[in-house]
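Asks: Below you'll find the structure I mean.
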Number of protein chains: 2
Amino acid sequence: MVRRSYDQFCGLSRALDVVGERWTLLVVRELMSGPKRYSDLADALRGIGTSLLAARLKQLESDGIVARRYLRPPAASTVYELTEVGQELATALVPLALWGARHQTCDGRAPSERFQAEWALQFLVRMLDPERLVDLDASYEFRIDGSVARLSIADGAAQVQGGQTGEVADATITTDASTMAAIAGSRIGVLAALEDGLVEVDGDADSLARLLKVLEAYLDRDHGPVAASST
Amino acid sequence: MVRRSYDQFCGLSRALDVVGERWTLLVVRELMSGPKRYSDLADALRGIGTSLLAARLKQLESDGIVARRYLRPPAASTVYELTEVGQELATALVPLALWGARHQTCDGRAPSERFQAEWALQFLVRMLDPERLVDLDASYEFRIDGSVARLSIADGAAQVQGGQTGEVADATITTDASTMAAIAGSRIGVLAALEDGLVEVDGDADSLARLLKVLEAYLDRDHGPVAASST
DNA sequence: CGGCATCCATTTTGATACTG
DNA sequence: CAGTATCAAAATGGATGCCG
């Protein structure tokens with residue numbers, strides 16, 4: 001299987017040679033929240049077809065973006081995780097995902113569309129200013145359109161986990177997927193969403209206030225076209 | 001012709017539904033340096049096949065990323081240009097392109113690979129700190145592997161034009177494509193490249209010094225994975 | 001069941017020919 | 001120049017089979 005190439009010496013086309021095929025970047029997105037098993041991936045990426053997933057994982061592994069790790073018994077299974085290069089790729093995808101949230105999700109969630117709370121959180125989290133995370137040590141449970149994910153902040157690092165975890169969070173945030181997309185895409189501010197009753201919060205008031213403060217830095221950023229202009 | 005969709009409510013998958021198909025993002029890249037005609041695009045994107053280019057342009061237009069403009073006589077031709085949304089998309093692609101320059105061009109330019117100086121410049125330019133561009137008014141001619149492009153900075157905005165322009169630039173920078181990729185990917189510093197003789201400069205010393213100063217802010221940035229960590 | 005490989009119907013693409 | 005039309009090759013998606 002010879003890989004097709006654009007055959008251009010350009011950062012973007014080289015990147016797309018490697019991760020531009022269908023499903024590839026969504027595999028990377030899935031691994032952003034930590035190591036996953038083959039079946040976890042196949043489940044989250046409904047529609048991918050099992051053999052294509054295997055092919056993509058093999059490519060990503062040989063390109064040094066994903067590493068395969070064998071867990072010791074009794075877990076005795078294989079997991080896939082992002083390498084350092086894969087983490088940098090994930091970070092580089094954030095602006096694209098936010099562009100999508102800003103411009104391509106305006107019409108809200110279609111009934112057929114799958115949704116996982118961790119998808120929304122993962123990109124938001126990577127926009128947070130690391131400096132502001134220092135001294136913050138808290139966990140938040142997000143319940144979005146029936147999907148649950150947890151954001152944990154400790155030691156200046158944020159981490160997202162999908163699904164229910166046994167532990168109790170310091171605070172709970174409940175909202176719907178469309179509101180989350182609007183916030184990530186800066187189409188609505190967090191405060192406005194709270195005022196409009198689109199977001200409901202519960203739990204430790206101080207932890208919530210501090211999360212809000214960290215988010216502010218992100219929400220104040222500029223979105224428009226930057227220094228470049230046209231001919 | 002129904003467009004295939006990942007059918008997920010997620011910024012990244014929505015973005016990829018729209019611009020994830022082959023060639024689409026390279027069309028956007030081509031338009032980053034300003035309006036282009038159909039044949040300009042077909043020429044720069046060697047291998048695309050004329051009917052696919054037409055299909056991509058139609059899609060991009062109906063998605064509000066590209067606009068078609070009809071020039072008045074005597075030019076009497078059609079050009080394609082990025083809309084505001086398209087400009088935001090282009091900006092969002094910069095980190096991905098830099099990731100590609102950093103990790104996927106380490107082996108240098110392959111003999112068969114096409115190259116245009118404007119590809120390299122366009123992404124570098126969008127990383128420049130707009131604040132530092134104020135008060136800078138200069139033009140630079142880059143000659144990279146035989147391809148020429150001009151960077152003009154005026155009124156706090158930078159602009160890239162491919163090919164020869166009649167006017168004389170304030171300074172000329174001559175280097176090769178691999179060195180440019182290494183600089184864009186932060187695999188080498190500008191000063192180091194100059195010291196090693198990989199980059200040759202000529203012209204107004206003050207303009208060159210000021211360009212270097214603007215670049216510094218970019219080159220000092222952090223690349224590693226940020227706040228997020230894995231499970 | 002997890003982790004693939006194979007087979008086949010559909011789509012997408014690549015390359016060339018052709019038209020206003 | 002600015003596309004359409006056409007057709008073969010490649011990629012995808014689904015289903016199914018295999019193996020520890």
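Chain lettering (A, B, ...) mirrors the order of the structure tokens, residue numbering begins at 1 for each chain separately, and ligand numbering begins at 1 in order of display.
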Define the interface residues of chain C facing chain B as those within 9 Å, counting only C-alpha atoms (C1' of nucleotides), and report them as a list of chain:residue names.
Replies: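 Result, ordered by chain then number: C:DT13, C:DG14, C:DA15.
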Asks: Per residue of chain C within 9 Å of stretch 6-19 of chain D, note the shortest atom pair and the distance in Å to one decimal, counting only C-alpha atoms (C1' of nucleotides), and order the rows by chain and increasing residue number, as JSON lines.
Replies:
{"residue": "C:DA5", "atom": "C1'", "partner": "D:DC18", "partner_atom": "C1'", "distance": 8.1}
{"residue": "C:DT6", "atom": "C1'", "partner": "D:DG17", "partner_atom": "C1'", "distance": 7.9}
{"residue": "C:DC7", "atom": "C1'", "partner": "D:DT16", "partner_atom": "C1'", "distance": 8.6}
{"residue": "C:DT10", "atom": "C1'", "partner": "D:DT12", "partner_atom": "C1'", "distance": 8.1}
{"residue": "C:DT11", "atom": "C1'", "partner": "D:DT12", "partner_atom": "C1'", "distance": 7.1}
{"residue": "C:DT12", "atom": "C1'", "partner": "D:DA11", "partner_atom": "C1'", "distance": 6.9}
{"residue": "C:DT13", "atom": "C1'", "partner": "D:DA10", "partner_atom": "C1'", "distance": 7.1}
{"residue": "C:DG14", "atom": "C1'", "partner": "D:DA9", "partner_atom": "C1'", "distance": 8.0}
{"residue": "C:DT16", "atom": "C1'", "partner": "D:DT6", "partner_atom": "C1'", "distance": 8.9}
{"residue": "C:DA17", "atom": "C1'", "partner": "D:DT6", "partner_atom": "C1'", "distance": 8.1}
Asks: How would the residues just picked look written out with C-alpha atoms (C1' of nucleotides) as a CSV table (one decimal), in the first residue's frame?
Replies:
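The result, written out as again33.csv:
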chain,number,residue,atom,x,y,z
C,5,DA,C1',-7.3,-9.8,7.8
C,6,DT,C1',-10.3,-10.7,3.6
C,7,DC,C1',-13.8,-9.9,0.4
C,10,DT,C1',-19.8,2.2,-3.2
C,11,DT,C1',-17.3,6.5,-3.4
C,12,DT,C1',-13.6,9.3,-4.3
C,13,DT,C1',-9.7,10.4,-6.9
C,14,DG,C1',-6.5,11.1,-10.9
C,16,DT,C1',-7.1,12.9,-20.0
C,17,DA,C1',-10.2,14.5,-23.5
Asks: Apply DSSP to the structure's backbone, then extract all residues of stretch 4-226 of chain B labelled alpha helix (DSSP H) and return them as JSON, numbers by chain.
Replies: {"B": [11, 12, 13, 14, 15, 16, 17, 18, 19, 24, 25, 26, 27, 28, 29, 30, 31, 38, 39, 40, 41, 42, 43, 44, 50, 51, 52, 53, 54, 55, 56, 57, 58, 59, 60, 61, 62, 84, 85, 86, 87, 88, 89, 90, 91, 92, 93, 94, 95, 96, 97, 98, 99, 100, 101, 102, 103, 117, 118, 119, 120, 121, 122, 123, 124, 125, 130, 131, 132, 133, 177, 178, 179, 180, 181, 182, 183, 184, 190, 191, 192, 193, 194, 195, 205, 206, 207, 208, 209, 210, 211, 212, 213, 214, 215, 216, 217, 218, 219]}
Asks: Could you please tell me, as a PyMOL selection string, which residues of chain B have an atom within 10 Å of chain D when using only C-alpha atoms (C1' of nucleotides)?
Replies: chain B and resi 37-39+50-51+53-54+77-78
Asks: Filtering to C-alpha atoms, could you give me those residues as a PDB file, in the first residue's frame?
Replies:
ATOM      1  CA  ARG B  37      -7.554  32.452 -10.739  1.00  0.00           C
ATOM      2  CA  TYR B  38      -8.655  28.935 -11.503  1.00  0.00           C
ATOM      3  CA  SER B  39      -5.622  28.260 -13.628  1.00  0.00           C
ATOM      4  CA  THR B  50      -9.292  19.878 -13.035  1.00  0.00           C
ATOM      5  CA  SER B  51     -12.708  18.486 -12.236  1.00  0.00           C
ATOM      6  CA  LEU B  53     -10.575  21.479  -8.281  1.00  0.00           C
ATOM      7  CA  ALA B  54     -13.860  22.731  -9.680  1.00  0.00           C
ATOM      8  CA  SER B  77     -11.624  36.970 -15.372  1.00  0.00           C
ATOM      9  CA  THR B  78     -12.824  35.224 -12.262  1.00  0.00           C
TER      10      THR B  78
END
Asks: Taking the DSSP secondary structure from the backbone, can you list the residues of stretch 47-226 of chain B that are strand (DSSP E), as a count of residues only?
Replies: 40
Asks: Write out as number ranges by chain which residues come within 8 Å of stretch 211-218 of chain B when counting only C-alpha atoms (C1' of nucleotides), dropping same-chain ones fewer than 2 positions away.
Replies: B: 127-129, 132-133, 190, 207-209, 220-221
Asks: So how many Å separate atom CA of B:Gly163 and atom CA of B:Tyr80, to one decimal?
Replies: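 Spanning atom CA of B:Gly163 to atom CA of B:Tyr80 is a straight-line distance of 18.2 Å.
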Asks: Which residues come within 9 Å of stretch 60-63 of chain B, counting only C-alpha atoms (C1' of nucleotides), excluding same-chain residues fewer than 4 positions away, as a list in words?
Replies: Val18, Val19, Thr24, Val28, Ala55, Arg56, Ala67, Arg68, Tyr80 and Gly86 of chain B
Asks: Could you give me, as a JSON list (two decimals) with C-alpha atoms, in the first residue's frame, the residues within 10 Å of A:Ala120, counting only C-alpha atoms (C1' of nucleotides) and dropping anything in the same chain fewer than 4 positions from it?
Replies:
[["chain", "number", "residue", "atom", "x", "y", "z"],
["A", 97, "ALA", "CA", -11.36, 22.42, 16.31],
["A", 98, "LEU", "CA", -12.29, 25.81, 17.75],
["A", 101, "ALA", "CA", -16.96, 24.93, 16.92],
["A", 115, "PHE", "CA", -21.66, 13.44, 21.22],
["A", 116, "GLN", "CA", -19.25, 12.90, 24.07],
["A", 124, "LEU", "CA", -11.26, 23.87, 25.79],
["A", 125, "VAL", "CA", -8.77, 22.53, 28.28],
["A", 144, "ILE", "CA", -23.51, 17.57, 28.87],
["A", 149, "ALA", "CA", -16.69, 13.77, 31.70],
["A", 177, "ALA", "CA", -23.84, 20.25, 23.78],
["A", 180, "MET", "CA", -20.72, 24.06, 25.06],
["A", 181, "ALA", "CA", -19.99, 24.48, 21.36],
["A", 183, "ILE", "CA", -18.78, 28.73, 24.43],
["A", 184, "ALA", "CA", -15.82, 26.96, 22.83],
["B", 9, "PHE", "CA", -21.16, 16.92, 17.29],
["B", 10, "CYS", "CA", -17.56, 18.02, 17.77],
["B", 11, "GLY", "CA", -15.68, 21.03, 16.48],
["B", 12, "LEU", "CA", -12.96, 18.96, 14.91]]
Asks: Can you tell me which residues surround A:Arg46 at a distance of at most 10 Å, considering only C-alpha atoms (C1' of nucleotides), apart from same-chain residues fewer than 2 positions away, and format the answer as a PDB file with N, CA and C atoms, in the first residue's frame?
Replies:
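Just written: out_15.pdb:
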ATOM      1  N   LEU A  41     -11.737   2.684  20.788  1.00  0.00           N
ATOM      2  CA  LEU A  41     -11.650   3.535  19.606  1.00  0.00           C
ATOM      3  C   LEU A  41     -12.735   3.168  18.600  1.00  0.00           C
ATOM      4  N   ALA A  42     -12.867   1.878  18.350  1.00  0.00           N
ATOM      5  CA  ALA A  42     -13.863   1.432  17.371  1.00  0.00           C
ATOM      6  C   ALA A  42     -15.257   1.867  17.797  1.00  0.00           C
ATOM      7  N   ASP A  43     -15.475   1.894  19.099  1.00  0.00           N
ATOM      8  CA  ASP A  43     -16.788   2.271  19.593  1.00  0.00           C
ATOM      9  C   ASP A  43     -17.031   3.768  19.456  1.00  0.00           C
ATOM     10  N   ALA A  44     -16.028   4.562  19.829  1.00  0.00           N
ATOM     11  CA  ALA A  44     -16.196   6.015  19.770  1.00  0.00           C
ATOM     12  C   ALA A  44     -16.295   6.492  18.320  1.00  0.00           C
ATOM     13  N   ILE A  48     -16.257   3.709  11.382  1.00  0.00           N
ATOM     14  CA  ILE A  48     -14.929   3.625  10.794  1.00  0.00           C
ATOM     15  C   ILE A  48     -14.655   2.278  10.148  1.00  0.00           C
ATOM     16  N   GLY A  49     -15.272   1.233  10.556  1.00  0.00           N
ATOM     17  CA  GLY A  49     -14.933  -0.048   9.960  1.00  0.00           C
ATOM     18  C   GLY A  49     -13.642  -0.552  10.555  1.00  0.00           C
ATOM     19  N   THR A  50     -13.723  -1.734  11.073  1.00  0.00           N
ATOM     20  CA  THR A  50     -12.650  -2.252  11.909  1.00  0.00           C
ATOM     21  C   THR A  50     -11.304  -2.345  11.200  1.00  0.00           C
ATOM     22  N   ARG A 114     -23.625  11.837  17.161  1.00  0.00           N
ATOM     23  CA  ARG A 114     -23.095  11.356  18.428  1.00  0.00           C
ATOM     24  C   ARG A 114     -22.408  12.516  19.150  1.00  0.00           C
TER      25      ARG A 114
ATOM     26  N   TYR B   6     -18.991  12.650   9.391  1.00  0.00           N
ATOM     27  CA  TYR B   6     -18.647  11.796  10.526  1.00  0.00           C
ATOM     28  C   TYR B   6     -19.828  11.682  11.482  1.00  0.00           C
ATOM     29  N   ASP B   7     -20.734  12.591  11.342  1.00  0.00           N
ATOM     30  CA  ASP B   7     -21.944  12.586  12.155  1.00  0.00           C
ATOM     31  C   ASP B   7     -21.647  12.624  13.657  1.00  0.00           C
ATOM     32  N   GLN B   8     -20.750  13.525  14.016  1.00  0.00           N
ATOM     33  CA  GLN B   8     -20.433  13.717  15.430  1.00  0.00           C
ATOM     34  C   GLN B   8     -20.554  15.201  15.730  1.00  0.00           C
TER      35      GLN B   8
END
